[in-house]
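> To be precise about what I am sending: the file is called query-v5.cif and holds mmCIF, C-alpha atoms and all ligand atoms.
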data_structure
loop_
_atom_site.label_atom_id
_atom_site.label_comp_id
_atom_site.auth_asym_id
_atom_site.auth_seq_id
_atom_site.Cartn_x
_atom_site.Cartn_y
_atom_site.Cartn_z
CA MET X 1 0.00 0.00 0.00
CA THR X 2 1.33 3.47 -0.82
CA LYS X 3 1.93 5.69 2.21
CA ARG X 4 0.65 9.25 1.87
CA THR X 5 1.88 12.43 3.48
CA THR X 6 0.06 15.74 3.25
CA LEU X 7 2.00 18.86 2.31
CA THR X 8 0.90 22.48 2.38
CA SER X 9 2.43 25.53 0.73
CA ILE X 10 1.62 29.18 1.33
CA ASP X 11 2.79 31.72 -1.24
CA VAL X 12 2.37 35.10 0.42
CA GLY X 13 2.49 37.29 -2.70
CA THR X 14 2.02 41.04 -3.07
CA THR X 15 -1.16 40.55 -5.14
CA LYS X 16 -2.51 37.24 -3.87
CA VAL X 17 -1.95 34.69 -1.15
CA CYS X 18 -2.22 31.14 -2.46
CA THR X 19 -2.45 28.10 -0.19
CA THR X 20 -2.16 24.67 -1.76
CA ILE X 21 -2.63 21.34 -0.03
CA ALA X 22 -1.31 18.20 -1.67
CA GLU X 23 -0.84 14.54 -1.02
CA LEU X 24 2.63 13.14 -1.48
CA ASN X 25 2.74 9.47 -2.39
CA SER X 26 5.62 7.27 -1.33
CA ASP X 27 6.58 7.04 -5.04
CA GLY X 28 7.20 10.82 -5.04
CA GLY X 29 3.99 11.79 -6.90
CA VAL X 30 2.26 15.01 -5.79
CA ARG X 31 -1.54 15.29 -6.06
CA VAL X 32 -3.13 18.66 -5.30
CA THR X 33 -6.27 18.29 -3.18
CA GLY X 34 -7.00 21.87 -2.09
CA VAL X 35 -6.30 25.38 -3.39
CA GLY X 36 -7.24 28.65 -1.68
CA ILE X 37 -6.56 32.04 -3.27
CA SER X 38 -7.20 35.41 -1.61
CA PRO X 39 -6.35 38.91 -2.83
CA SER X 40 -3.53 40.32 -0.66
CA HIS X 41 -3.85 43.05 1.93
CA GLY X 42 -1.10 44.29 4.23
CA LEU X 43 1.72 43.34 1.83
CA HIS X 44 4.00 45.57 -0.21
CA LYS X 45 6.81 44.46 -2.52
CA GLY X 46 6.77 41.00 -0.97
CA LEU X 47 6.91 42.29 2.61
CA VAL X 48 4.39 42.32 5.44
CA VAL X 49 3.56 45.97 6.13
CA ASN X 50 0.40 45.43 8.19
CA ILE X 51 0.44 42.29 10.34
CA ASN X 52 -3.33 42.18 11.00
CA ASP X 53 -4.32 42.61 7.34
CA ALA X 54 -1.71 40.13 6.16
CA ARG X 55 -2.79 37.57 8.78
CA GLU X 56 -6.45 37.86 7.76
CA THR X 57 -5.54 37.43 4.07
CA ILE X 58 -3.50 34.33 4.87
CA ARG X 59 -6.29 33.02 7.12
CA ALA X 60 -8.87 33.42 4.32
CA SER X 61 -6.64 31.66 1.80
CA VAL X 62 -5.83 28.77 4.18
CA LYS X 63 -9.51 28.37 5.07
CA LYS X 64 -10.53 28.10 1.40
CA ALA X 65 -7.91 25.44 0.77
CA GLU X 66 -8.90 23.54 3.93
CA GLN X 67 -12.56 23.56 2.96
CA ALA X 68 -11.72 22.24 -0.50
CA CYS X 69 -10.22 19.06 0.90
CA ASN X 70 -11.55 18.87 4.44
CA TYR X 71 -8.08 18.93 5.97
CA LYS X 72 -6.73 21.03 8.87
CA VAL X 73 -3.41 22.66 7.99
CA GLU X 74 -0.88 22.30 10.80
CA SER X 75 2.32 23.29 9.03
CA ALA X 76 3.35 24.73 5.68
CA PHE X 77 6.25 25.54 3.38
CA VAL X 78 6.28 29.31 3.04
CA GLY X 79 7.78 31.50 0.28
CA VAL X 80 10.04 34.47 1.08
CA THR X 81 10.90 37.39 -1.15
CA GLY X 82 11.67 41.11 -0.87
CA ARG X 83 14.50 43.54 -1.34
CA HIS X 84 16.05 42.51 1.96
CA ILE X 85 17.30 39.24 0.42
CA ASN X 86 21.07 39.06 -0.13
CA SER X 87 23.11 36.28 -1.61
CA LEU X 88 26.79 35.41 -1.92
CA ASN X 89 28.92 32.48 -2.96
CA ASN X 90 31.05 30.99 -0.19
CA ARG X 91 33.55 28.13 0.25
CA GLY X 92 34.17 25.51 2.90
CA VAL X 93 37.06 23.11 3.31
CA VAL X 94 37.84 20.14 5.58
CA SER X 95 40.56 17.51 5.62
CA ILE X 96 39.81 13.81 5.55
CA THR X 97 41.84 12.61 8.49
CA ARG X 98 40.83 8.95 8.71
CA ASN X 99 43.39 6.40 7.59
CA ASP X 100 41.36 5.07 4.68
CA ARG X 101 40.86 8.65 3.25
CA LEU X 102 37.35 7.74 2.18
CA VAL X 103 34.81 10.62 2.03
CA ARG X 104 31.77 9.74 4.16
CA PRO X 105 28.39 11.46 4.65
CA ASP X 106 29.74 12.84 7.92
CA ASP X 107 32.52 14.68 6.02
CA LEU X 108 29.85 16.17 3.77
CA ARG X 109 28.03 17.52 6.82
CA ARG X 110 31.31 18.91 8.23
CA VAL X 111 32.27 20.69 5.03
CA LEU X 112 28.78 22.16 4.65
CA SER X 113 28.78 23.44 8.20
CA SER X 114 32.21 24.99 7.61
CA ALA X 115 30.75 26.78 4.57
CA GLN X 116 27.90 28.02 6.77
CA SER X 117 30.30 29.84 9.01
CA VAL X 118 29.86 33.10 7.06
CA LYS X 119 29.55 36.09 9.33
CA VAL X 120 25.84 36.77 9.43
CA PRO X 121 25.10 40.03 11.27
CA ASN X 122 22.55 39.90 14.10
CA ASP X 123 19.91 41.64 12.04
CA ARG X 124 20.03 38.97 9.32
CA LYS X 125 18.98 35.33 9.13
CA LEU X 126 20.51 32.53 7.11
CA LEU X 127 17.84 31.26 4.72
CA HIS X 128 19.67 28.76 2.51
CA VAL X 129 23.14 27.31 2.17
CA ILE X 130 23.03 25.41 -1.12
CA PRO X 131 26.03 23.32 -2.23
CA ARG X 132 27.01 24.25 -5.80
CA GLY X 133 29.77 21.72 -6.28
CA TYR X 134 32.51 19.83 -4.47
CA ALA X 135 36.22 19.37 -5.11
CA VAL X 136 38.23 16.38 -3.87
CA ASP X 137 41.98 17.09 -3.66
CA GLY X 138 41.49 19.99 -6.06
CA GLN X 139 39.53 17.96 -8.62
CA VAL X 140 36.55 20.24 -9.26
CA GLY X 141 33.12 19.50 -10.66
CA VAL X 142 32.32 16.67 -8.24
CA LYS X 143 28.57 16.45 -7.64
CA ASN X 144 28.62 13.79 -4.91
CA PRO X 145 31.97 13.14 -3.25
CA VAL X 146 30.74 10.36 -0.91
CA GLY X 147 32.70 7.18 -1.60
CA MET X 148 35.65 8.99 -3.23
CA TYR X 149 39.20 8.92 -1.82
CA GLY X 150 41.01 12.12 -0.93
CA PHE X 151 42.87 14.19 1.65
CA ARG X 152 40.91 17.38 1.25
CA LEU X 153 37.26 18.14 0.53
CA ASP X 154 36.15 21.58 -0.69
CA VAL X 155 32.61 22.81 -1.24
CA GLU X 156 31.30 25.89 -3.02
CA THR X 157 27.98 27.12 -1.66
CA HIS X 158 25.39 29.73 -2.49
CA VAL X 159 24.38 31.46 0.73
CA ILE X 160 21.10 33.38 0.94
CA THR X 161 20.31 35.65 3.87
CA ALA X 162 17.25 37.74 4.74
CA ALA X 163 16.49 40.61 7.11
CA ALA X 164 15.57 39.06 10.47
CA THR X 165 12.67 41.45 11.11
CA SER X 166 11.02 40.78 7.72
CA ILE X 167 11.20 37.05 8.38
CA GLN X 168 9.87 37.48 11.91
CA ASN X 169 6.85 39.45 10.67
CA LEU X 170 5.99 36.80 8.10
CA VAL X 171 6.50 33.90 10.52
CA LYS X 172 4.43 35.72 13.16
CA CYS X 173 1.48 36.01 10.76
CA ILE X 174 1.60 32.29 9.94
CA ARG X 175 2.14 31.09 13.50
CA SER X 176 -0.64 33.27 14.87
CA LEU X 177 -2.96 31.02 12.82
CA ALA X 178 -1.57 27.99 14.69
CA ILE X 179 0.34 26.92 11.57
CA ASP X 180 3.95 25.88 11.91
CA VAL X 181 6.53 26.80 9.30
CA ASP X 182 8.09 23.64 7.82
CA ASP X 183 10.60 25.71 5.93
CA LEU X 184 11.05 29.19 4.51
CA VAL X 185 12.00 29.00 0.84
CA LEU X 186 13.28 31.80 -1.37
CA GLU X 187 10.44 32.29 -3.88
CA PRO X 188 12.43 32.12 -7.15
CA LEU X 189 14.06 28.91 -5.91
CA ALA X 190 10.59 27.47 -5.42
CA SER X 191 9.39 28.75 -8.83
CA SER X 192 12.39 27.15 -10.50
CA GLU X 193 11.28 23.75 -9.16
CA ALA X 194 8.00 24.21 -11.02
CA VAL X 195 9.07 25.60 -14.39
CA LEU X 196 12.71 24.77 -15.16
CA THR X 197 13.96 21.52 -16.67
CA GLU X 198 17.07 19.76 -15.37
CA ASP X 199 18.64 20.31 -18.80
CA GLU X 200 18.16 24.08 -18.61
CA LYS X 201 19.72 24.17 -15.12
CA GLN X 202 22.65 22.13 -16.37
CA VAL X 203 23.30 24.22 -19.49
CA GLY X 204 22.74 27.57 -17.75
CA VAL X 205 19.51 29.53 -17.49
CA ILE X 206 18.01 32.64 -15.88
CA LEU X 207 14.65 32.32 -14.15
CA ALA X 208 12.72 35.56 -13.62
CA ASP X 209 9.42 35.49 -11.73
CA ILE X 210 7.77 38.83 -12.58
CA GLY X 211 5.02 39.06 -10.00
CA GLY X 212 3.05 41.99 -8.63
CA GLY X 213 5.58 43.68 -6.34
CA THR X 214 8.91 42.06 -7.13
CA THR X 215 10.83 40.40 -9.93
CA ASP X 216 12.60 37.41 -8.41
CA ILE X 217 15.69 36.12 -10.18
CA CYS X 218 17.68 32.89 -9.94
CA VAL X 219 20.49 31.92 -12.27
CA PHE X 220 21.42 28.23 -12.64
CA LYS X 221 24.63 26.82 -14.10
CA ASP X 222 26.02 23.25 -14.14
CA GLY X 223 22.90 21.97 -12.40
CA SER X 224 23.11 24.26 -9.37
CA ILE X 225 22.31 27.81 -8.34
CA TRP X 226 24.82 30.43 -9.45
CA HIS X 227 23.19 33.72 -8.45
CA SER X 228 19.93 35.04 -6.95
CA ALA X 229 18.48 38.54 -6.65
CA ILE X 230 15.19 40.33 -6.01
CA LEU X 231 14.25 43.49 -7.96
CA PRO X 232 11.61 45.77 -6.42
CA VAL X 233 9.78 46.38 -9.71
CA ALA X 234 7.05 44.27 -11.36
CA GLY X 235 3.36 44.28 -12.37
CA TYR X 236 2.27 46.87 -9.81
CA GLN X 237 4.60 49.48 -11.35
CA LEU X 238 3.24 48.61 -14.81
CA THR X 239 -0.30 49.33 -13.66
CA ARG X 240 0.77 52.51 -11.88
CA ASP X 241 2.50 53.76 -15.06
CA ILE X 242 -0.71 53.14 -17.02
CA ALA X 243 -2.85 54.83 -14.36
CA ILE X 244 -0.61 57.91 -14.29
CA GLY X 245 0.14 57.96 -18.02
CA LEU X 246 -3.46 57.60 -19.14
CA GLY X 247 -5.11 59.35 -16.18
CA LEU X 248 -7.10 56.27 -15.13
CA PRO X 249 -8.09 54.89 -11.73
CA PHE X 250 -5.70 52.11 -10.62
CA ASP X 251 -8.23 49.26 -10.90
CA VAL X 252 -9.29 50.35 -14.41
CA ALA X 253 -5.63 50.52 -15.45
CA GLU X 254 -5.09 47.01 -13.99
CA GLU X 255 -8.05 45.63 -15.92
CA MET X 256 -6.92 47.32 -19.16
CA LYS X 257 -3.41 45.95 -18.75
CA LYS X 258 -4.69 42.40 -18.36
CA ARG X 259 -7.27 42.56 -21.16
CA TYR X 260 -5.54 44.61 -23.85
CA GLY X 261 -1.92 44.92 -22.73
CA SER X 262 0.84 43.84 -25.07
CA VAL X 263 4.54 44.58 -25.37
CA MET X 264 4.62 43.75 -29.08
CA PRO X 265 1.42 45.35 -30.29
CA VAL X 266 0.18 44.94 -33.84
CA TYR X 267 -1.34 48.30 -34.66
CA GLU X 268 -2.61 47.47 -38.15
CA GLY X 269 -6.23 46.49 -38.09
CA GLN X 270 -6.55 47.40 -34.41
CA THR X 271 -9.03 50.00 -33.35
CA ASP X 272 -6.91 52.86 -32.08
CA THR X 273 -8.98 53.20 -28.95
CA ALA X 274 -9.37 50.31 -26.51
CA ASN X 275 -12.98 49.69 -25.65
CA PRO X 276 -14.09 51.28 -22.42
CA ILE X 277 -13.86 48.59 -19.81
CA SER X 278 -15.12 50.17 -16.65
CA GLN X 279 -18.66 51.12 -15.72
CA ASP X 280 -17.57 54.74 -15.69
CA GLY X 281 -16.69 54.41 -19.36
CA HIS X 282 -12.97 55.07 -19.23
CA GLY X 283 -11.19 54.67 -22.54
CA ALA X 284 -7.64 54.92 -23.83
CA SER X 285 -5.64 54.58 -27.04
CA TYR X 286 -4.39 51.04 -27.62
CA GLN X 287 -1.08 52.38 -28.85
CA ASP X 288 -0.53 54.56 -25.76
CA LEU X 289 -1.39 51.65 -23.48
CA CYS X 290 1.04 49.31 -25.20
CA ASP X 291 3.81 51.93 -25.43
CA ILE X 292 3.65 52.51 -21.67
CA ILE X 293 3.70 48.78 -20.93
CA ARG X 294 6.55 48.13 -23.36
CA ALA X 295 8.76 50.85 -21.84
CA ARG X 296 8.42 49.39 -18.33
CA VAL X 297 8.80 45.74 -19.42
CA GLU X 298 11.89 46.69 -21.41
CA GLU X 299 13.31 48.27 -18.27
CA ILE X 300 12.58 45.13 -16.22
CA LEU X 301 14.22 42.89 -18.84
CA ARG X 302 17.30 45.12 -18.92
CA LEU X 303 17.49 45.06 -15.10
CA ILE X 304 17.38 41.26 -15.23
CA LEU X 305 20.26 41.32 -17.70
CA LEU X 306 22.25 43.65 -15.43
CA GLU X 307 22.39 40.81 -12.89
CA MET X 308 24.70 38.98 -15.30
CA PRO X 309 28.34 39.79 -16.15
CA ARG X 310 28.07 42.14 -19.14
CA ASN X 311 30.18 40.38 -21.76
CA GLU X 312 29.94 36.72 -20.92
CA TYR X 313 26.29 36.18 -20.10
CA GLU X 314 25.62 34.41 -23.40
CA SER X 315 28.13 31.71 -22.49
CA ILE X 316 26.91 31.42 -18.88
CA VAL X 317 23.22 31.03 -19.75
CA PRO X 318 22.94 29.58 -23.27
CA ALA X 319 19.50 28.17 -22.35
CA GLY X 320 18.38 31.79 -22.03
CA LEU X 321 15.61 33.23 -19.91
CA VAL X 322 12.52 31.54 -18.50
CA LEU X 323 9.87 34.05 -17.46
CA THR X 324 7.16 33.21 -14.98
CA GLY X 325 4.91 35.01 -12.45
CA GLY X 326 1.59 36.71 -13.27
CA SER X 327 3.16 39.51 -15.35
CA SER X 328 4.72 37.02 -17.77
CA ASN X 329 1.16 36.57 -19.13
CA LEU X 330 1.68 39.83 -21.05
CA SER X 331 1.31 39.18 -24.72
CA GLY X 332 4.55 39.48 -26.73
CA ILE X 333 6.87 39.36 -23.72
CA GLU X 334 8.86 36.40 -25.09
CA ALA X 335 9.56 38.17 -28.39
CA LEU X 336 10.65 41.35 -26.61
CA GLY X 337 12.87 39.28 -24.32
CA ARG X 338 14.55 37.64 -27.32
CA GLU X 339 15.11 41.06 -28.90
CA ILE X 340 16.83 42.42 -25.79
CA LEU X 341 18.77 39.37 -24.60
CA ARG X 342 19.54 37.79 -27.98
CA LEU X 343 18.92 34.42 -26.27
CA PRO X 344 16.04 31.92 -26.18
CA VAL X 345 13.16 33.19 -24.01
CA ARG X 346 10.09 31.22 -22.97
CA VAL X 347 7.26 31.58 -20.47
CA GLY X 348 7.24 28.84 -17.82
CA THR X 349 3.87 27.55 -16.65
CA PRO X 350 3.63 24.92 -13.92
CA THR X 351 2.43 21.63 -15.39
CA ASN X 352 2.58 17.94 -14.49
CA MET X 353 0.42 18.37 -11.39
CA HIS X 354 -2.31 15.87 -10.61
CA GLY X 355 -5.55 16.45 -8.76
CA ILE X 356 -7.46 19.73 -8.83
CA ALA X 357 -4.53 21.55 -10.33
CA ASP X 358 -6.19 23.28 -13.32
CA THR X 359 -6.32 26.60 -11.46
CA LEU X 360 -2.59 26.35 -10.90
CA CYS X 361 -1.75 26.09 -14.63
CA ASP X 362 -0.84 29.77 -14.83
CA PRO X 363 2.63 31.32 -14.40
CA ALA X 364 1.27 33.25 -11.39
CA TYR X 365 1.22 29.94 -9.46
CA ALA X 366 4.78 28.84 -10.23
CA THR X 367 5.84 29.69 -6.66
CA SER X 368 2.91 27.82 -5.05
CA VAL X 369 3.50 24.67 -7.09
CA GLY X 370 7.27 25.02 -6.66
CA LEU X 371 6.90 25.23 -2.86
CA LEU X 372 4.99 21.93 -2.92
CA LEU X 373 7.68 20.32 -5.07
CA TRP X 374 10.39 21.76 -2.82
CA GLY X 375 8.49 20.35 0.18
CA ALA X 376 8.22 16.95 -1.49
CA LYS X 377 11.99 16.97 -2.06
CA HIS X 378 12.92 18.14 1.43
CA LYS X 379 10.03 16.74 3.44
CA ALA X 380 12.34 15.22 6.01
CA GLY X 381 13.80 18.70 6.46
CA ARG X 382 13.87 20.98 9.43
CA ARG X 383 11.07 22.84 11.14
CA TRP X 384 11.73 26.56 11.20
CA LYS X 385 12.95 27.11 14.81
CA GLY X 386 10.55 26.52 17.66
CA GLY X 387 10.43 22.72 17.47
CA TRP X 388 7.78 20.28 18.59
CA PHE X 389 7.34 21.67 22.11
CA GLY X 390 7.15 25.27 20.88
CA SER X 391 4.57 24.37 18.26
CA ARG X 392 2.36 22.40 20.71
CA LEU X 393 2.56 25.26 23.19
CA ARG X 394 1.56 27.75 20.51
CA LYS X 395 -1.36 25.60 19.38
CA LEU X 396 -2.53 25.20 22.97
CA SER X 397 -2.36 28.93 23.67
CA PHE X 398 -4.13 29.59 20.34
CA ARG X 399 -6.96 27.22 21.29
CA ILE X 400 -7.28 28.70 24.79
CA GLY X 401 -7.32 32.21 23.26
CA LYS X 402 -10.03 31.10 20.82
CA LEU X 403 -12.09 29.65 23.68
CA PHE X 404 -12.04 32.97 25.51
CA ARG X 405 -12.80 34.99 22.39
N1 LIG M 1 -2.89 38.62 -18.30
C1 LIG M 1 -2.09 39.44 -17.66
N2 LIG M 1 -1.45 40.43 -18.30
C2 LIG M 1 -0.63 41.28 -17.67
N3 LIG M 1 -0.38 41.22 -16.34
C3 LIG M 1 -1.00 40.27 -15.63
C4 LIG M 1 -1.88 39.33 -16.24
N4 LIG M 1 -2.33 38.48 -15.28
C5 LIG M 1 -1.75 38.89 -14.12
N5 LIG M 1 -0.97 39.96 -14.32
C6 LIG M 1 -0.19 40.71 -13.33
O1 LIG M 1 0.57 39.83 -12.56
C7 LIG M 1 0.78 40.42 -11.27
C8 LIG M 1 0.53 39.36 -10.22
O2 LIG M 1 1.42 38.31 -10.43
P1 LIG M 1 1.69 37.24 -9.29
O3 LIG M 1 0.42 36.62 -8.88
O4 LIG M 1 2.77 36.34 -9.78
O5 LIG M 1 2.22 38.18 -8.13
P2 LIG M 1 2.41 37.89 -6.58
O6 LIG M 1 2.99 36.53 -6.42
O7 LIG M 1 1.15 38.15 -5.86
O8 LIG M 1 3.43 39.03 -6.18
P3 LIG M 1 4.99 38.99 -5.77
O9 LIG M 1 5.52 37.65 -6.16
O10 LIG M 1 5.59 40.10 -6.55
O11 LIG M 1 5.01 39.26 -4.32
C9 LIG M 1 -0.17 41.58 -11.14
O12 LIG M 1 0.56 42.79 -11.22
C10 LIG M 1 -1.09 41.43 -12.34
O13 LIG M 1 -1.47 42.67 -12.84
MG MG M 2 4.93 35.76 -6.41
#
Go through the file and emit its structure as structure tokens.

Amino acid sequence: MTKRTTLTSIDVGTTKVCTTIAELNSDGGVRVTGVGISPSHGLHKGLVVNINDARETIRASVKKAEQACNYKVESAFVGVTGRHINSLNNRGVVSITRNDRLVRPDDLRRVLSSAQSVKVPNDRKLLHVIPRGYAVDGQVGVKNPVGMYGFRLDVETHVITAAATSIQNLVKCIRSLAIDVDDLVLEPLASSEAVLTEDEKQVGVILADIGGGTTDICVFKDGSIWHSAILPVAGYQLTRDIAIGLGLPFDVAEEMKKRYGSVMPVYEGQTDTANPISQDGHGASYQDLCDIIRARVEEILRLILLEMPRNEYESIVPAGLVLTGGSSNLSGIEALGREILRLPVRVGTPTNMHGIADTLCDPAYATSVGLLLWGAKHKAGRRWKGGWFGSRLRKLSFRIGKLFR
């Protein structure tokens, strides 16, 4: 009989909070059983700016997902983004002192913990330490050194840190709903699980998740992460440009962007004026709308490119750019990307999910699906500080509080 584990992911985005509940089979298959989506309040550029509003948004999203599958969420994998994220590449080294000089799993743990010993200031938290590659006695490019002979083991790691207060605010919102945090995952890392192929990661690829408040970037090379960055510009700025440029209310501009927006407009045969789409009868020229969108998207694409070394990026990422996130739904964005980067560009949509996953087949849900896949991969992983006793205590105090309310 196949053993099933239930996994939950919460993507706390600037525009929407998405909770997904899935069953993980012992054969590694993930089947989505519940999805809950709520429009975000209390979040700005990926950060919690109003704890009460953010908590209520998360509560509503979790409740919808719970109702869909009649399951009570107790813990979840949670996405993290925001300008406060920093990353650097670090090294660790240990010597193999045993007589047989055989590298064992214990040596792997030692070398990884030596690579973790980067000086993290008090106001920052270590989010991920991801091994990029090992070297045994100077022989580089080793993916798994266990079982090899050597005197010296080196590791190269990608270290990602976040502002402690931003993390605390997010974790506080989740825990105040009596939900434990299984792990905090950098959002583009999660998205990459959902939309990148192993081949692309091996050859070299940029992933850019253009969401509502942030554009989250991860670069992969030789099968592992090479660089990560968060840009504080995305779909929200696009809508604001349209609202200001065309003198429209924000929600009308948002609607126009989604319905008519294109970065590669075809003007011939188009009516010059987009149909009024609001009840108040606001209208705008199709050309103006598309020109405004194109200027901002061009800027975002150039900012993505600036994350790469200027002259050698074509050799580092021959697989090009994979765009995802809600804003990658903009018509013509792939063609514009190809024009600017002179590399292959495609839009990545999460697929290969079973269960009630139709809603998730949109680039906006790459992070949610990716968090589930990340959870499935690391399900034996750590609980974000607090442990079993802390979590029971919190649940108990939550229930007592609820009783009195
Ligand atoms: N068809 C579309 N055309 C253009 N933009 C779109 C379309 N659909 C969604 N968007 C934009 O995508 C953005 C939301 O994307 P997404 O859901 O990925 O963001 P988020 O995860 O909530 O935010 P973030 O990851 O930045 O915190 C919004 O700005 C929305 O306007
Ligand atoms: Mg997002």
> Could you tell me, counting all atoms listed in the file, which protein and nucleic acid residues lie no more than 12 Å from ligand MG 2 (chain M), written as an mmCIF file with C-alpha atoms, in the coordinates of the input?

data_model
loop_
_atom_site.group_PDB
_atom_site.id
_atom_site.type_symbol
_atom_site.label_atom_id
_atom_site.label_comp_id
_atom_site.auth_asym_id
_atom_site.auth_seq_id
_atom_site.Cartn_x
_atom_site.Cartn_y
_atom_site.Cartn_z
ATOM 1 C CA ILE X 10 1.620 29.180 1.330
ATOM 2 C CA ASP X 11 2.790 31.720 -1.240
ATOM 3 C CA VAL X 12 2.370 35.100 0.420
ATOM 4 C CA GLY X 13 2.490 37.290 -2.700
ATOM 5 C CA THR X 14 2.020 41.040 -3.070
ATOM 6 C CA THR X 15 -1.160 40.550 -5.140
ATOM 7 C CA LYS X 16 -2.510 37.240 -3.870
ATOM 8 C CA VAL X 17 -1.950 34.690 -1.150
ATOM 9 C CA CYS X 18 -2.220 31.140 -2.460
ATOM 10 C CA SER X 40 -3.530 40.320 -0.660
ATOM 11 C CA LEU X 43 1.720 43.340 1.830
ATOM 12 C CA HIS X 44 4.000 45.570 -0.210
ATOM 13 C CA LYS X 45 6.810 44.460 -2.520
ATOM 14 C CA GLY X 46 6.770 41.000 -0.970
ATOM 15 C CA LEU X 47 6.910 42.290 2.610
ATOM 16 C CA VAL X 78 6.280 29.310 3.040
ATOM 17 C CA GLY X 79 7.780 31.500 0.280
ATOM 18 C CA VAL X 80 10.040 34.470 1.080
ATOM 19 C CA THR X 81 10.900 37.390 -1.150
ATOM 20 C CA GLY X 82 11.670 41.110 -0.870
ATOM 21 C CA LEU X 186 13.280 31.800 -1.370
ATOM 22 C CA GLU X 187 10.440 32.290 -3.880
ATOM 23 C CA PRO X 188 12.430 32.120 -7.150
ATOM 24 C CA LEU X 189 14.060 28.910 -5.910
ATOM 25 C CA ALA X 190 10.590 27.470 -5.420
ATOM 26 C CA SER X 191 9.390 28.750 -8.830
ATOM 27 C CA ALA X 208 12.720 35.560 -13.620
ATOM 28 C CA ASP X 209 9.420 35.490 -11.730
ATOM 29 C CA ILE X 210 7.770 38.830 -12.580
ATOM 30 C CA GLY X 211 5.020 39.060 -10.000
ATOM 31 C CA GLY X 212 3.050 41.990 -8.630
ATOM 32 C CA GLY X 213 5.580 43.680 -6.340
ATOM 33 C CA THR X 214 8.910 42.060 -7.130
ATOM 34 C CA THR X 215 10.830 40.400 -9.930
ATOM 35 C CA ASP X 216 12.600 37.410 -8.410
ATOM 36 C CA ILE X 217 15.690 36.120 -10.180
ATOM 37 C CA ILE X 230 15.190 40.330 -6.010
ATOM 38 C CA ALA X 234 7.050 44.270 -11.360
ATOM 39 C CA GLY X 235 3.360 44.280 -12.370
ATOM 40 C CA TYR X 236 2.270 46.870 -9.810
ATOM 41 C CA THR X 324 7.160 33.210 -14.980
ATOM 42 C CA GLY X 325 4.910 35.010 -12.450
ATOM 43 C CA GLY X 326 1.590 36.710 -13.270
ATOM 44 C CA SER X 327 3.160 39.510 -15.350
ATOM 45 C CA SER X 328 4.720 37.020 -17.770
ATOM 46 C CA ASP X 362 -0.840 29.770 -14.830
ATOM 47 C CA PRO X 363 2.630 31.320 -14.400
ATOM 48 C CA ALA X 364 1.270 33.250 -11.390
ATOM 49 C CA TYR X 365 1.220 29.940 -9.460
ATOM 50 C CA ALA X 366 4.780 28.840 -10.230
ATOM 51 C CA THR X 367 5.840 29.690 -6.660
ATOM 52 C CA SER X 368 2.910 27.820 -5.050
ATOM 53 C CA VAL X 369 3.500 24.670 -7.090
ATOM 54 C CA GLY X 370 7.270 25.020 -6.660
ATOM 55 C CA LEU X 371 6.900 25.230 -2.860
#
> Which neighbours of Glu314 in chain X fall inside 10 Å, counting all atoms listed in the file, when residues of the same chain fewer than 3 positions from it are skipped, and could you give them as a PyMOL selection string?
chain X and resi 204-205+308-311+317-320+341-343
> By how many Å are CA of Val35 in chain X and atom O13 of ligand LIG 1 (chain M) apart?
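Rounded to one decimal, the two atoms are 20.3 Å apart.
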> Just to confirm, what's the straight-line distance from CA of Leu248 in chain X to CA of Ile300 in chain X in Å (one decimal)?
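Going from CA of Leu248 in chain X over to CA of Ile300 in chain X, I get 22.6 Å.
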> I need the residue nearest Tyr71 in chain X from this list: X:Asp199, X:Arg31, X:Ile96, X:Thr6. Use only C-alpha atoms for the distance.
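Answer, going by the shortest atom-to-atom distance: X:Thr6.
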> If we count all atoms listed in the file and set the cut-off at 12 Å, which residues sit around Asn99 in chain X, ignoring sequence neighbours fewer than 5 positions away in its own chain? Please answer as a PyMOL selection string.
chain X and resi 149-151
> Keeping only C-alpha atoms, write the selected residues to a file as a short mmCIF file (atom, residue, chain, number, x, y, z; two decimals), in the coordinates of the input.

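Saved as out15.cif:
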data_model
loop_
_atom_site.label_atom_id
_atom_site.label_comp_id
_atom_site.auth_asym_id
_atom_site.auth_seq_id
_atom_site.Cartn_x
_atom_site.Cartn_y
_atom_site.Cartn_z
CA TYR X 149 39.20 8.92 -1.82
CA GLY X 150 41.01 12.12 -0.93
CA PHE X 151 42.87 14.19 1.65
#
> Just to confirm, what's the straight-line distance from CA of Glu198 in chain X to CA of Tyr313 in chain X in Å (one decimal)?
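Between these atoms lies a distance of 19.4 Å.
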> Just checking: using only C-alpha atoms and all ligand atoms, which residue out of X:Glu255, X:Asp291, X:Glu307, X:Glu298 ends up closest to ligand LIG 1 (chain M)?
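Residue with the minimum atom-to-atom distance to ligand LIG 1 (chain M): X:Glu255.
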> How would you write as a ChimeraX atom specification the residues that get within 9 Å of (26.3, 23.7, 6.0) in the file's frame, counting all atoms listed in the file?
/X:92,108-117,129-131,157
> Which is closer to ligand LIG 1 (chain M) than all the others in X:Ser87, X:Asn169, X:Ser38, X:Gln67, using only C-alpha atoms and all ligand atoms?
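Of X:Ser87, X:Asn169, X:Ser38, X:Gln67, the one nearest ligand LIG 1 (chain M), counting only C-alpha atoms and all ligand atoms, is X:Ser38.
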> Ile292 in chain X: which residues within 10 Å, counting only C-alpha atoms, same-chain residues fewer than 5 positions away excluded, as a list in words?
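Here the qualifying residues turn out to be Leu238, Thr239, Asp241, Ile242, Gly245, Leu246, Gly261, Ser262, Val263, Gln287 and Val297 of chain X.
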